[in-house]
$ cat final07.txt   # compact mmCIF, C-alpha atoms
# COMPACT_ATOMS: atom_id res chain seq x y z
CA MET L 1 35.94 73.12 -13.23
CA LYS L 2 34.53 75.44 -10.57
CA ILE L 3 34.88 72.63 -8.04
CA GLY L 4 38.51 72.18 -9.07
CA ILE L 5 39.31 75.79 -8.26
CA VAL L 6 37.74 75.61 -4.85
CA LYS L 7 39.68 72.45 -4.08
CA ASP L 8 43.03 74.02 -4.98
CA ILE L 9 42.33 77.02 -2.76
CA LEU L 10 41.39 74.75 0.13
CA GLU L 11 44.50 72.58 -0.28
CA ALA L 12 46.82 75.58 -0.32
CA ASN L 13 44.97 76.95 2.71
CA ASP L 14 45.40 73.71 4.65
CA MET L 15 49.19 73.77 4.20
CA ILE L 16 49.42 77.26 5.69
CA ALA L 17 46.99 76.32 8.45
CA GLU L 18 49.28 73.43 9.39
CA GLY L 19 52.18 75.91 9.72
CA ASN L 20 50.06 78.11 12.00
CA ARG L 21 49.08 75.08 14.08
CA ARG L 22 52.71 74.09 14.67
CA LEU L 23 53.59 77.64 15.69
CA PHE L 24 50.68 77.77 18.16
CA LYS L 25 51.65 74.37 19.59
CA GLY L 26 55.26 75.45 20.01
CA LYS L 27 54.16 78.47 22.03
CA GLY L 28 51.63 76.50 24.09
CA THR L 29 48.76 78.67 22.89
CA LEU L 30 45.26 77.21 22.75
CA VAL L 31 43.47 78.62 19.71
CA MET L 32 39.72 78.90 19.23
CA ASN L 33 38.09 79.82 15.94
CA LEU L 34 34.81 81.59 16.80
CA MET L 35 32.17 81.43 14.10
CA SER L 36 28.50 82.46 13.80
CA SER L 37 25.92 84.36 11.78
CA PRO L 38 26.18 88.15 12.01
CA GLY L 39 24.89 89.40 15.34
CA ALA L 40 24.81 86.09 17.22
CA GLY L 41 27.03 87.61 19.90
CA LYS L 42 30.66 86.63 19.22
CA THR L 43 32.20 89.95 20.26
CA THR L 44 29.99 90.31 23.34
CA LEU L 45 30.91 86.79 24.48
CA LEU L 46 34.58 87.70 24.03
CA GLU L 47 34.18 90.89 26.06
CA LYS L 48 32.52 88.95 28.89
CA SER L 49 35.06 86.10 28.78
CA ILE L 50 38.04 88.48 28.81
CA SER L 51 36.70 90.41 31.80
CA ALA L 52 36.09 87.20 33.72
CA LEU L 53 39.33 85.41 32.88
CA LYS L 54 42.12 87.82 32.05
CA ASP L 55 43.55 87.74 35.58
CA ARG L 56 43.78 83.96 35.45
CA VAL L 57 45.00 83.29 31.88
CA GLY L 58 46.75 85.27 29.16
CA ILE L 59 44.29 86.13 26.40
CA GLY L 60 44.81 87.44 22.87
CA VAL L 61 42.31 88.13 20.11
CA ILE L 62 42.39 88.25 16.32
CA GLU L 63 39.33 90.08 15.00
CA GLY L 64 38.08 89.23 11.51
CA ASP L 65 35.75 91.65 9.75
CA ILE L 66 35.08 92.54 6.16
CA GLN L 67 35.70 96.15 7.09
CA THR L 68 35.73 98.52 10.12
CA GLU L 69 37.70 98.18 13.33
CA LEU L 70 34.62 98.41 15.56
CA ASP L 71 35.10 94.99 17.12
CA ALA L 72 38.85 95.40 17.69
CA GLU L 73 38.14 98.69 19.47
CA ARG L 74 35.65 96.95 21.75
CA ILE L 75 38.19 94.23 22.60
CA HIS L 76 41.05 96.73 23.02
CA LYS L 77 39.08 98.45 25.78
CA LYS L 78 39.15 95.19 27.71
CA GLY L 79 42.93 95.48 27.98
CA VAL L 80 44.18 92.51 25.97
CA GLU L 81 46.29 92.26 22.83
CA VAL L 82 44.16 92.41 19.69
CA VAL L 83 44.89 92.42 15.96
CA GLN L 84 42.24 93.36 13.39
CA ILE L 85 42.08 91.60 10.04
CA ASN L 86 39.98 93.41 7.43
CA THR L 87 39.23 90.90 4.70
CA GLY L 88 38.28 93.60 2.19
CA GLY L 89 35.21 91.78 0.92
CA ALA L 90 36.09 88.16 1.64
CA CYS L 91 33.37 86.39 3.60
CA HIS L 92 35.68 84.28 5.78
CA LEU L 93 39.14 84.24 7.31
CA ASP L 94 41.78 82.03 5.75
CA ALA L 95 45.05 80.65 7.09
CA THR L 96 47.21 83.23 5.26
CA MET L 97 45.38 86.15 6.85
CA VAL L 98 45.84 84.55 10.26
CA SER L 99 49.55 83.85 9.66
CA GLN L 100 50.02 87.55 8.92
CA ALA L 101 48.10 88.56 12.04
CA ILE L 102 50.18 86.24 14.25
CA GLU L 103 53.30 88.24 13.36
CA LYS L 104 51.83 91.19 15.21
CA LEU L 105 51.15 89.21 18.41
CA ASP L 106 53.50 88.09 21.19
CA LEU L 107 52.19 84.56 21.65
CA THR L 108 54.55 83.89 24.58
CA ASN L 109 52.10 85.54 26.97
CA ILE L 110 48.94 84.25 25.31
CA ASP L 111 47.41 81.07 26.75
CA ILE L 112 44.18 81.38 24.79
CA LEU L 113 43.98 83.04 21.39
CA PHE L 114 40.46 83.70 20.20
CA ILE L 115 40.07 84.22 16.47
CA GLU L 116 36.73 85.89 15.77
CA ASN L 117 35.76 84.97 12.24
CA VAL L 118 33.61 87.01 9.82
CA GLY L 119 29.91 86.69 10.68
CA ASN L 120 28.75 83.99 8.30
CA LEU L 121 27.23 80.61 9.07
CA VAL L 122 28.48 79.06 5.83
CA CYS L 123 31.91 79.80 4.36
CA PRO L 124 34.16 80.11 7.45
CA ALA L 125 33.51 76.43 8.26
CA GLU L 126 35.44 75.43 5.13
CA PHE L 127 38.72 77.14 5.99
CA ARG L 128 41.10 75.77 8.62
CA LEU L 129 43.14 78.46 10.34
CA GLY L 130 45.42 76.23 12.45
CA GLU L 131 43.04 76.35 15.43
CA ASP L 132 42.71 73.71 18.16
CA MET L 133 38.97 73.89 17.96
CA LYS L 134 36.09 75.51 16.15
CA VAL L 135 33.51 77.12 18.43
CA MET L 136 30.21 78.18 16.91
CA ILE L 137 27.64 80.49 18.41
CA LEU L 138 23.96 80.42 17.54
CA SER L 139 21.44 82.96 18.78
CA ILE L 140 18.13 81.33 19.68
CA ALA L 141 16.48 84.10 17.62
CA GLU L 142 17.79 82.25 14.54
CA GLY L 143 15.52 79.24 15.12
CA GLU L 144 15.81 75.52 15.79
CA ASP L 145 16.08 74.43 12.13
CA LYS L 146 19.53 75.93 11.55
CA PRO L 147 21.58 72.74 12.16
CA LEU L 148 19.62 71.01 9.40
CA LYS L 149 19.98 73.89 6.96
CA TYR L 150 23.62 74.82 7.64
CA PRO L 151 25.05 71.44 8.64
CA LEU L 152 28.72 71.95 7.73
CA MET L 153 29.46 74.42 10.53
CA PHE L 154 27.72 72.22 13.11
CA HIS L 155 29.62 69.24 11.75
CA GLU L 156 33.02 70.93 11.87
CA SER L 157 32.64 72.52 15.32
CA GLN L 158 33.62 70.94 18.62
CA VAL L 159 31.59 73.45 20.63
CA LEU L 160 28.12 74.96 20.13
CA ILE L 161 27.24 77.95 22.27
CA ILE L 162 23.52 78.72 22.24
CA ASN L 163 23.30 82.42 23.08
CA LYS L 164 20.50 84.87 23.95
CA ILE L 165 18.53 82.29 25.94
CA ASP L 166 16.97 85.27 27.75
CA LEU L 167 14.90 85.73 24.56
CA LEU L 168 13.38 82.22 24.80
CA PRO L 169 9.99 83.45 26.11
CA TYR L 170 9.69 85.81 23.12
CA CYS L 171 10.98 83.64 20.27
CA ASP L 172 9.43 80.64 18.56
CA CYS L 173 12.49 78.49 19.15
CA ASP L 174 12.24 75.03 20.71
CA ILE L 175 15.62 74.71 22.41
CA MET L 176 15.29 70.95 22.97
CA ARG L 177 14.63 70.51 19.26
CA LEU L 178 17.61 72.75 18.52
CA ARG L 179 19.83 70.52 20.69
CA GLU L 180 18.45 67.38 19.02
CA ASN L 181 18.98 68.77 15.53
CA SER L 182 22.54 69.81 16.41
CA LEU L 183 23.48 66.43 17.89
CA LYS L 184 21.96 64.68 14.87
CA ILE L 185 24.55 66.48 12.71
CA ASN L 186 27.37 66.11 15.24
CA PRO L 187 26.91 63.81 18.26
CA ASN L 188 30.22 65.00 19.77
CA LEU L 189 29.26 68.66 20.13
CA ASN L 190 29.85 70.25 23.54
CA ILE L 191 26.77 72.43 23.99
CA PHE L 192 26.58 75.46 26.27
CA GLU L 193 23.41 77.50 26.84
CA ILE L 194 24.16 81.08 27.78
CA SER L 195 22.84 84.61 27.92
CA CYS L 196 25.48 87.32 27.64
CA LYS L 197 22.79 89.76 28.74
CA THR L 198 21.76 88.13 32.03
CA GLY L 199 25.00 86.19 32.53
CA ARG L 200 23.20 82.85 32.80
CA GLY L 201 25.39 79.89 31.91
CA LEU L 202 28.59 81.92 31.54
CA ASP L 203 30.30 80.45 34.63
CA VAL L 204 30.08 76.95 33.18
CA TRP L 205 31.68 78.21 29.96
CA TYR L 206 34.48 79.99 31.86
CA GLU L 207 35.33 76.93 33.95
CA TRP L 208 35.37 74.74 30.88
CA LEU L 209 37.79 77.17 29.20
CA ILE L 210 40.08 77.25 32.25
CA LYS L 211 40.18 73.47 32.32
CA LYS L 212 41.07 73.36 28.64
CA VAL L 213 44.03 75.68 29.17
CA GLY L 214 45.06 73.94 32.41
CA GLY L 215 45.20 70.64 30.62
CA ARG L 216 47.80 72.03 28.24
CA HIS L 217 50.33 73.28 30.81
CA MET Z 1 45.41 85.65 -9.00
CA LYS Z 2 42.66 84.79 -6.54
CA ILE Z 3 40.90 88.06 -7.42
CA GLY Z 4 41.17 87.18 -11.10
CA ILE Z 5 39.28 83.96 -10.58
CA VAL Z 6 36.47 85.64 -8.71
CA LYS Z 7 36.15 88.26 -11.41
CA ASP Z 8 35.79 85.66 -14.17
CA ILE Z 9 33.10 83.84 -12.22
CA LEU Z 10 31.24 87.09 -11.63
CA GLU Z 11 31.43 88.12 -15.30
CA ALA Z 12 30.13 84.76 -16.50
CA ASN Z 13 27.38 84.99 -13.88
CA ASP Z 14 26.32 88.47 -15.04
CA MET Z 15 25.82 87.27 -18.62
CA ILE Z 16 23.47 84.51 -17.50
CA ALA Z 17 21.69 86.89 -15.12
CA GLU Z 18 21.04 89.21 -18.06
CA GLY Z 19 19.38 86.31 -19.91
CA ASN Z 20 17.18 85.60 -16.89
CA ARG Z 21 16.27 89.27 -16.63
CA ARG Z 22 15.11 89.42 -20.26
CA LEU Z 23 13.04 86.29 -19.80
CA PHE Z 24 11.35 87.73 -16.68
CA LYS Z 25 10.70 91.01 -18.45
CA GLY Z 26 9.17 89.22 -21.44
CA LYS Z 27 6.74 87.42 -19.13
CA GLY Z 28 5.92 90.55 -17.10
CA THR Z 29 7.17 88.94 -13.90
CA LEU Z 30 8.52 91.14 -11.10
CA VAL Z 31 11.41 89.36 -9.43
CA MET Z 32 12.68 89.93 -5.90
CA ASN Z 33 15.90 88.44 -4.58
CA LEU Z 34 15.41 87.98 -0.81
CA MET Z 35 18.60 87.95 1.21
CA SER Z 36 19.48 87.89 4.92
CA SER Z 37 21.48 86.18 7.64
CA PRO Z 38 20.22 82.74 8.66
CA GLY Z 39 17.09 83.01 10.77
CA ALA Z 40 16.20 86.65 10.04
CA GLY Z 41 12.79 85.55 8.85
CA LYS Z 42 12.81 85.26 5.04
CA THR Z 43 10.60 82.17 4.83
CA THR Z 44 8.15 83.41 7.47
CA LEU Z 45 7.79 86.74 5.65
CA LEU Z 46 7.10 84.80 2.43
CA GLU Z 47 4.46 82.67 4.13
CA LYS Z 48 2.70 85.76 5.48
CA SER Z 49 2.96 87.66 2.18
CA ILE Z 50 1.61 84.73 0.17
CA SER Z 51 -1.38 84.28 2.48
CA ALA Z 52 -2.19 87.98 2.30
CA LEU Z 53 -1.70 88.48 -1.44
CA LYS Z 54 -2.21 85.30 -3.39
CA ASP Z 55 -5.83 86.12 -4.23
CA ARG Z 56 -4.77 89.47 -5.69
CA VAL Z 57 -1.56 88.59 -7.56
CA GLY Z 58 0.06 85.47 -8.98
CA ILE Z 59 2.99 84.43 -6.80
CA GLY Z 60 5.82 81.97 -7.38
CA VAL Z 61 8.81 81.11 -5.23
CA ILE Z 62 12.31 79.77 -5.83
CA GLU Z 63 13.80 78.48 -2.57
CA GLY Z 64 17.57 78.46 -2.21
CA ASP Z 65 19.15 76.30 0.50
CA ILE Z 66 22.45 74.51 0.89
CA GLN Z 67 20.48 71.38 1.61
CA THR Z 68 17.02 70.19 2.78
CA GLU Z 69 13.62 71.00 1.31
CA LEU Z 70 12.21 72.31 4.59
CA ASP Z 71 11.53 75.81 3.27
CA ALA Z 72 10.01 74.63 -0.01
CA GLU Z 73 7.65 72.39 1.97
CA ARG Z 74 6.55 75.36 4.09
CA ILE Z 75 5.88 77.44 0.95
CA HIS Z 76 4.16 74.55 -0.85
CA LYS Z 77 1.59 74.39 1.95
CA LYS Z 78 0.61 77.96 1.11
CA GLY Z 79 -0.62 76.79 -2.29
CA VAL Z 80 1.74 78.54 -4.71
CA GLU Z 81 4.25 77.20 -7.21
CA VAL Z 82 7.66 76.61 -5.63
CA VAL Z 83 10.97 75.20 -6.88
CA GLN Z 84 13.75 74.22 -4.47
CA ILE Z 85 17.39 74.79 -5.38
CA ASN Z 86 19.85 72.86 -3.22
CA THR Z 87 23.24 74.46 -3.73
CA GLY Z 88 25.10 71.45 -2.34
CA GLY Z 89 27.52 73.50 -0.28
CA ALA Z 90 27.57 76.80 -2.14
CA CYS Z 91 26.85 79.74 0.13
CA HIS Z 92 24.80 81.77 -2.38
CA LEU Z 93 22.56 81.38 -5.41
CA ASP Z 94 23.98 82.20 -8.82
CA ALA Z 95 22.30 83.02 -12.13
CA THR Z 96 22.82 79.53 -13.58
CA MET Z 97 21.01 77.87 -10.68
CA VAL Z 98 18.13 80.29 -11.13
CA SER Z 99 18.00 79.76 -14.91
CA GLN Z 100 17.60 76.02 -14.27
CA ALA Z 101 14.89 76.61 -11.70
CA ILE Z 102 12.93 78.89 -14.06
CA GLU Z 103 12.50 75.97 -16.46
CA LYS Z 104 10.33 74.26 -13.86
CA LEU Z 105 8.02 77.28 -13.40
CA ASP Z 106 5.15 78.56 -15.53
CA LEU Z 107 5.97 82.27 -15.39
CA THR Z 108 2.86 83.20 -17.36
CA ASN Z 109 0.76 83.13 -14.20
CA ILE Z 110 3.40 84.60 -11.91
CA ASP Z 111 3.24 88.35 -11.29
CA ILE Z 112 5.78 88.28 -8.47
CA LEU Z 113 8.56 85.74 -8.24
CA PHE Z 114 10.34 85.66 -4.89
CA ILE Z 115 13.79 84.11 -4.93
CA GLU Z 116 14.79 83.23 -1.37
CA ASN Z 117 18.57 83.18 -1.27
CA VAL Z 118 20.81 81.12 1.02
CA GLY Z 119 20.97 82.65 4.51
CA ASN Z 120 24.18 84.66 4.37
CA LEU Z 121 24.69 88.40 4.82
CA VAL Z 122 27.84 88.44 2.67
CA CYS Z 123 28.20 86.39 -0.51
CA PRO Z 124 24.70 86.50 -2.06
CA ALA Z 125 25.05 90.27 -2.53
CA GLU Z 126 27.79 89.69 -5.13
CA PHE Z 127 25.75 87.54 -7.50
CA ARG Z 128 23.10 88.99 -9.78
CA LEU Z 129 20.29 86.56 -10.57
CA GLY Z 130 18.37 88.67 -13.08
CA GLU Z 131 16.11 90.14 -10.38
CA ASP Z 132 14.33 93.51 -10.53
CA MET Z 133 15.37 94.27 -6.98
CA LYS Z 134 17.30 92.97 -4.06
CA VAL Z 135 15.36 92.92 -0.79
CA MET Z 136 17.29 92.32 2.40
CA ILE Z 137 15.89 91.39 5.78
CA LEU Z 138 17.60 92.13 9.07
CA SER Z 139 16.38 90.89 12.43
CA ILE Z 140 16.75 93.52 15.13
CA ALA Z 141 18.33 90.77 17.27
CA GLU Z 142 21.38 91.13 14.98
CA GLY Z 143 22.18 94.64 16.22
CA GLU Z 144 22.46 98.17 14.84
CA ASP Z 145 26.11 97.91 13.71
CA LYS Z 146 25.42 95.46 10.89
CA PRO Z 147 25.21 98.02 8.04
CA LEU Z 148 28.73 99.21 8.90
CA LYS Z 149 30.17 95.72 9.14
CA TYR Z 150 28.41 94.14 6.13
CA PRO Z 151 28.01 97.16 3.85
CA LEU Z 152 27.86 95.44 0.45
CA MET Z 153 24.44 93.91 0.98
CA PHE Z 154 23.01 97.19 2.28
CA HIS Z 155 24.60 98.97 -0.67
CA GLU Z 156 23.23 96.58 -3.29
CA SER Z 157 19.69 96.33 -1.91
CA GLN Z 158 16.77 98.56 -2.84
CA VAL Z 159 14.72 97.47 0.15
CA LEU Z 160 15.62 96.84 3.79
CA ILE Z 161 13.04 95.04 5.90
CA ILE Z 162 13.75 95.30 9.63
CA ASN Z 163 12.05 92.26 11.16
CA LYS Z 164 11.24 91.04 14.69
CA ILE Z 165 10.54 94.54 15.99
CA ASP Z 166 8.42 92.81 18.69
CA LEU Z 167 11.78 91.93 20.29
CA LEU Z 168 12.84 95.59 20.61
CA PRO Z 169 12.08 95.79 24.37
CA TYR Z 170 14.33 92.77 24.99
CA CYS Z 171 17.27 93.48 22.63
CA ASP Z 172 20.03 96.07 22.88
CA CYS Z 173 19.31 97.42 19.42
CA ASP Z 174 18.82 101.13 18.76
CA ILE Z 175 16.52 101.09 15.75
CA MET Z 176 17.06 104.79 14.93
CA ARG Z 177 20.81 104.18 14.87
CA LEU Z 178 20.19 101.11 12.70
CA ARG Z 179 18.23 103.25 10.22
CA GLU Z 180 20.95 105.93 10.24
CA ASN Z 181 23.73 103.39 9.70
CA SER Z 182 21.77 101.79 6.84
CA LEU Z 183 21.06 105.10 5.08
CA LYS Z 184 24.71 106.11 5.47
CA ILE Z 185 25.63 103.11 3.31
CA ASN Z 186 22.69 103.50 0.94
CA PRO Z 187 20.58 106.71 1.07
CA ASN Z 188 18.07 105.24 -1.41
CA LEU Z 189 16.99 102.28 0.72
CA ASN Z 190 13.25 101.78 1.18
CA ILE Z 191 12.99 100.74 4.82
CA PHE Z 192 10.10 98.76 6.32
CA GLU Z 193 9.79 97.92 10.01
CA ILE Z 194 7.79 94.76 10.62
CA SER Z 195 7.05 91.95 13.00
CA CYS Z 196 5.98 88.70 11.35
CA LYS Z 197 4.96 87.52 14.81
CA THR Z 198 2.54 90.35 15.74
CA GLY Z 199 1.81 91.43 12.16
CA ARG Z 200 2.87 95.02 12.82
CA GLY Z 201 3.96 96.86 9.67
CA LEU Z 202 3.01 94.05 7.28
CA ASP Z 203 0.09 95.93 5.68
CA VAL Z 204 2.43 98.70 4.53
CA TRP Z 205 4.73 96.10 2.95
CA TYR Z 206 1.82 94.35 1.20
CA GLU Z 207 0.46 97.59 -0.26
CA TRP Z 208 3.92 98.59 -1.48
CA LEU Z 209 4.27 95.20 -3.20
CA ILE Z 210 0.85 95.51 -4.85
CA LYS Z 211 1.77 98.96 -6.16
CA LYS Z 212 5.05 97.63 -7.56
CA VAL Z 213 3.22 94.92 -9.49
CA GLY Z 214 0.44 97.26 -10.54
CA GLY Z 215 2.97 99.67 -11.95
CA ARG Z 216 4.21 97.02 -14.33
CA HIS Z 217 0.89 96.02 -15.92
$ encode --input "final07.txt" --output "structure tokens"
Amino acid sequence: MKIGIVKDILEANDMIAEGNRRLFKGKGTLVMNLMSSPGAGKTTLLEKSISALKDRVGIGVIEGDIQTELDAERIHKKGVEVVQINTGGACHLDATMVSQAIEKLDLTNIDILFIENVGNLVCPAEFRLGEDMKVMILSIAEGEDKPLKYPLMFHESQVLIINKIDLLPYCDCDIMRLRENSLKINPNLNIFEISCKTGRGLDVWYEWLIKKVGGRH
Amino acid sequence: MKIGIVKDILEANDMIAEGNRRLFKGKGTLVMNLMSSPGAGKTTLLEKSISALKDRVGIGVIEGDIQTELDAERIHKKGVEVVQINTGGACHLDATMVSQAIEKLDLTNIDILFIENVGNLVCPAEFRLGEDMKVMILSIAEGEDKPLKYPLMFHESQVLIINKIDLLPYCDCDIMRLRENSLKINPNLNIFEISCKTGRGLDVWYEWLIKKVGGRH
């Protein structure tokens, strides 16, 4: 019976996600659903990416948090359109929340819309928002066994960004093993290794993003 | 309507948790529900604590994971009784899962039962398991804003263990601010600062645990 309830919620969610997807497609907006554990670096990566790219492409952000507007304030300072969703306890964004947030955005000028999900390596992976792709971030401080223990998010994502590689000398994380474990769950993952602190690897990520948007125009 | 469903699930859960709690109390077993984001160091802290304490107190472990038995295997090597719960997708442990796991444990010889929850800073905080206390672990790599953004877990916990303090020189985390933010949410939190890697702060944690058990005999 519990499984039945979850299934109904997911089916209803998928219908609304499909509506979002059509709207995004009609406006020519590429949409990325950013997911990770708390503190893996989603907001910092957004700040860096906006600074590097906002003169070349139109960027918008939907910020998902259980409460507070801390992240939206950080993004707002970067000078792009941002809408905050406070889930009020819910541990993930769903398609209805996103459809309400879209109403507050002018998608016409937005080439890339980043949706920063609630920090949670489990539940967000189950809920489609209407995105073009799911992008997950993993901090190397979390360890190389995470793909095996939290496989759904690795399975559902098209992109894995391994962040905080500057900490590699100080953490017991075997990054080759981490890559192997990730590709075992999802052989099609695009993997980026970056450090938002030192900037290493960010250029490759930016160019990949630009190409993705270019391919849609 | 969605809220209604969650409420029913939580009420049913609380009844079963109360049954677990009575059973634990009858056996004189102190029960700690260990919660954190993925990769904050729950299993490593358990390994260290077991090695340090197993000659002084009887220890048992229930391991909660979405899938795999990796953590149970690590604990098993330490020579204590361990039961693995695989939630099969669920992002938290609930009281029913724990009540089934208890059946496989001989509580008579267990002074402290650690229940390692699924790695998730959100959902596990909502589900009582029948524990004496909730103990949360936060890696300093996650950042000082986490209490503000994920307040429920900080609010529900009696103990906050700040782990990986060896990374402080390399992370942009202000540990005093982290303490302040945590105590703003929950002024009664017992806070420990530790590094499972260097061992710093672990003795204080061990002695606190011993006192907690001693106080119950």
$ closest_atom_pairs --input "final07.txt" --of "stretch 97-147 of chain Z" --to "stretch 88-111 of chain L" --cutoff "12 Å" --atoms "only C-alpha atoms" --output "CSV"
residue,atom,partner,partner_atom,distance
Z:Asn120,CA,L:Cys91,CA,9.4
Z:Leu121,CA,L:Cys91,CA,9.0
Z:Val122,CA,L:Cys91,CA,6.0
Z:Cys123,CA,L:Cys91,CA,6.6
Z:Pro124,CA,L:Cys91,CA,10.4
Z:Ala125,CA,L:Gly89,CA,10.8
Z:Glu126,CA,L:Gly89,CA,9.8
$ closest_atom_pairs --input "final07.txt" --of "chain L" --to "chain Z" --cutoff "8 Å" --atoms "all atoms listed in the file" --output "Markdown table"
| residue | atom | partner | partner_atom | distance |
| --- | --- | --- | --- | --- |
| L:Ser37 | CA | Z:Ser37 | CA | 6.3 |
| L:Pro38 | CA | Z:Glu142 | CA | 6.4 |
| L:Gly39 | CA | Z:Glu142 | CA | 3.9 |
| L:Ala40 | CA | Z:Glu142 | CA | 6.5 |
| L:Asp65 | CA | Z:Lys149 | CA | 6.9 |
| L:Ile66 | CA | Z:Lys149 | CA | 6.6 |
| L:Gln67 | CA | Z:Lys149 | CA | 5.9 |
| L:Thr68 | CA | Z:Lys149 | CA | 6.3 |
| L:Cys91 | CA | Z:Val122 | CA | 6.0 |
| L:Asn120 | CA | Z:Asn120 | CA | 6.1 |
| L:Leu121 | CA | Z:Asn120 | CA | 6.9 |
| L:Val122 | CA | Z:Cys91 | CA | 6.0 |
| L:Cys123 | CA | Z:Cys91 | CA | 6.6 |
| L:Ala141 | CA | Z:Ala141 | CA | 6.9 |
| L:Glu142 | CA | Z:Gly39 | CA | 3.9 |
| L:Gly143 | CA | Z:Gly39 | CA | 6.0 |
| L:Lys146 | CA | Z:Pro38 | CA | 7.4 |
| L:Leu148 | CA | Z:Thr68 | CA | 7.2 |
| L:Lys149 | CA | Z:Gln67 | CA | 5.9 |
| L:Tyr150 | CA | Z:Ile66 | CA | 6.9 |
| L:Leu167 | CA | Z:Tyr170 | CA | 7.1 |
| L:Tyr170 | CA | Z:Leu167 | CA | 7.1 |
$ residues_around --input "final07.txt" --residues "L:His76" --least-positions-apart "3" --cutoff "12 Å" --atoms "only C-alpha atoms" --output "list of chain:residue names"
L:Thr43, L:Leu46, L:Glu47, L:Ile50, L:Ser51, L:Ile59, L:Gly60, L:Val61, L:Ile62, L:Glu63, L:Glu69, L:Leu70, L:Asp71, L:Ala72, L:Glu73, L:Gly79, L:Val80, L:Glu81, L:Val82, L:Val83, L:Gln84
$ atom_distance --input "final07.txt" --atom1 "atom CA of L:Trp205" --atom2 "atom CA of L:Phe192"
6.9 Å
$ residues_around --input "final07.txt" --residues "L:Arg21" --least-positions-apart "5" --cutoff "8 Å" --atoms "only C-alpha atoms" --output "MDAnalysis selection string"
chainID L and resid 129:132
$ decode --input "final07.txt" --residues "stretch 10-53 of chain Z" --atoms "C-alpha atoms" --output "PDB file, in the first residue's frame"
ATOM      1  CA  LEU Z  10       4.352   9.260  10.728  1.00  0.00           C
ATOM      2  CA  GLU Z  11       1.659   8.391  13.281  1.00  0.00           C
ATOM      3  CA  ALA Z  12       1.801   4.690  12.434  1.00  0.00           C
ATOM      4  CA  ASN Z  13       5.595   4.880  12.630  1.00  0.00           C
ATOM      5  CA  ASP Z  14       5.512   6.498  16.085  1.00  0.00           C
ATOM      6  CA  MET Z  15       3.399   3.664  17.503  1.00  0.00           C
ATOM      7  CA  ILE Z  16       5.896   1.050  16.352  1.00  0.00           C
ATOM      8  CA  ALA Z  17       8.808   3.198  17.557  1.00  0.00           C
ATOM      9  CA  GLU Z  18       7.218   3.268  21.006  1.00  0.00           C
ATOM     10  CA  GLY Z  19       7.153  -0.546  21.003  1.00  0.00           C
ATOM     11  CA  ASN Z  20      10.840  -0.639  20.072  1.00  0.00           C
ATOM     12  CA  ARG Z  21      11.634   1.865  22.806  1.00  0.00           C
ATOM     13  CA  ARG Z  22       9.953  -0.261  25.487  1.00  0.00           C
ATOM     14  CA  LEU Z  23      11.797  -3.345  24.296  1.00  0.00           C
ATOM     15  CA  PHE Z  24      15.160  -1.523  24.443  1.00  0.00           C
ATOM     16  CA  LYS Z  25      14.370  -0.166  27.888  1.00  0.00           C
ATOM     17  CA  GLY Z  26      13.416  -3.625  29.159  1.00  0.00           C
ATOM     18  CA  LYS Z  27      16.787  -4.972  28.017  1.00  0.00           C
ATOM     19  CA  GLY Z  28      18.748  -2.007  29.394  1.00  0.00           C
ATOM     20  CA  THR Z  29      20.091  -1.154  25.948  1.00  0.00           C
ATOM     21  CA  LEU Z  30      21.041   2.448  25.148  1.00  0.00           C
ATOM     22  CA  VAL Z  31      20.130   3.178  21.540  1.00  0.00           C
ATOM     23  CA  MET Z  32      21.663   5.855  19.323  1.00  0.00           C
ATOM     24  CA  ASN Z  33      20.278   6.788  15.933  1.00  0.00           C
ATOM     25  CA  LEU Z  34      23.248   8.008  13.852  1.00  0.00           C
ATOM     26  CA  MET Z  35      22.352  10.369  11.044  1.00  0.00           C
ATOM     27  CA  SER Z  36      24.294  12.473   8.522  1.00  0.00           C
ATOM     28  CA  SER Z  37      24.762  13.357   4.874  1.00  0.00           C
ATOM     29  CA  PRO Z  38      26.410  10.672   2.755  1.00  0.00           C
ATOM     30  CA  GLY Z  39      30.126  10.476   3.447  1.00  0.00           C
ATOM     31  CA  ALA Z  40      30.219  12.499   6.682  1.00  0.00           C
ATOM     32  CA  GLY Z  41      31.861   9.572   8.427  1.00  0.00           C
ATOM     33  CA  LYS Z  42      29.208   7.554  10.293  1.00  0.00           C
ATOM     34  CA  THR Z  43      30.688   4.130   9.569  1.00  0.00           C
ATOM     35  CA  THR Z  44      34.267   5.226  10.249  1.00  0.00           C
ATOM     36  CA  LEU Z  45      33.228   6.723  13.593  1.00  0.00           C
ATOM     37  CA  LEU Z  46      31.510   3.426  14.439  1.00  0.00           C
ATOM     38  CA  GLU Z  47      34.617   1.429  13.534  1.00  0.00           C
ATOM     39  CA  LYS Z  48      36.780   3.633  15.749  1.00  0.00           C
ATOM     40  CA  SER Z  49      34.288   3.624  18.641  1.00  0.00           C
ATOM     41  CA  ILE Z  50      33.900  -0.155  18.537  1.00  0.00           C
ATOM     42  CA  SER Z  51      37.662  -0.736  18.575  1.00  0.00           C
ATOM     43  CA  ALA Z  52      38.075   1.625  21.512  1.00  0.00           C
ATOM     44  CA  LEU Z  53      35.126   0.458  23.607  1.00  0.00           C
TER      45      LEU Z  53
END
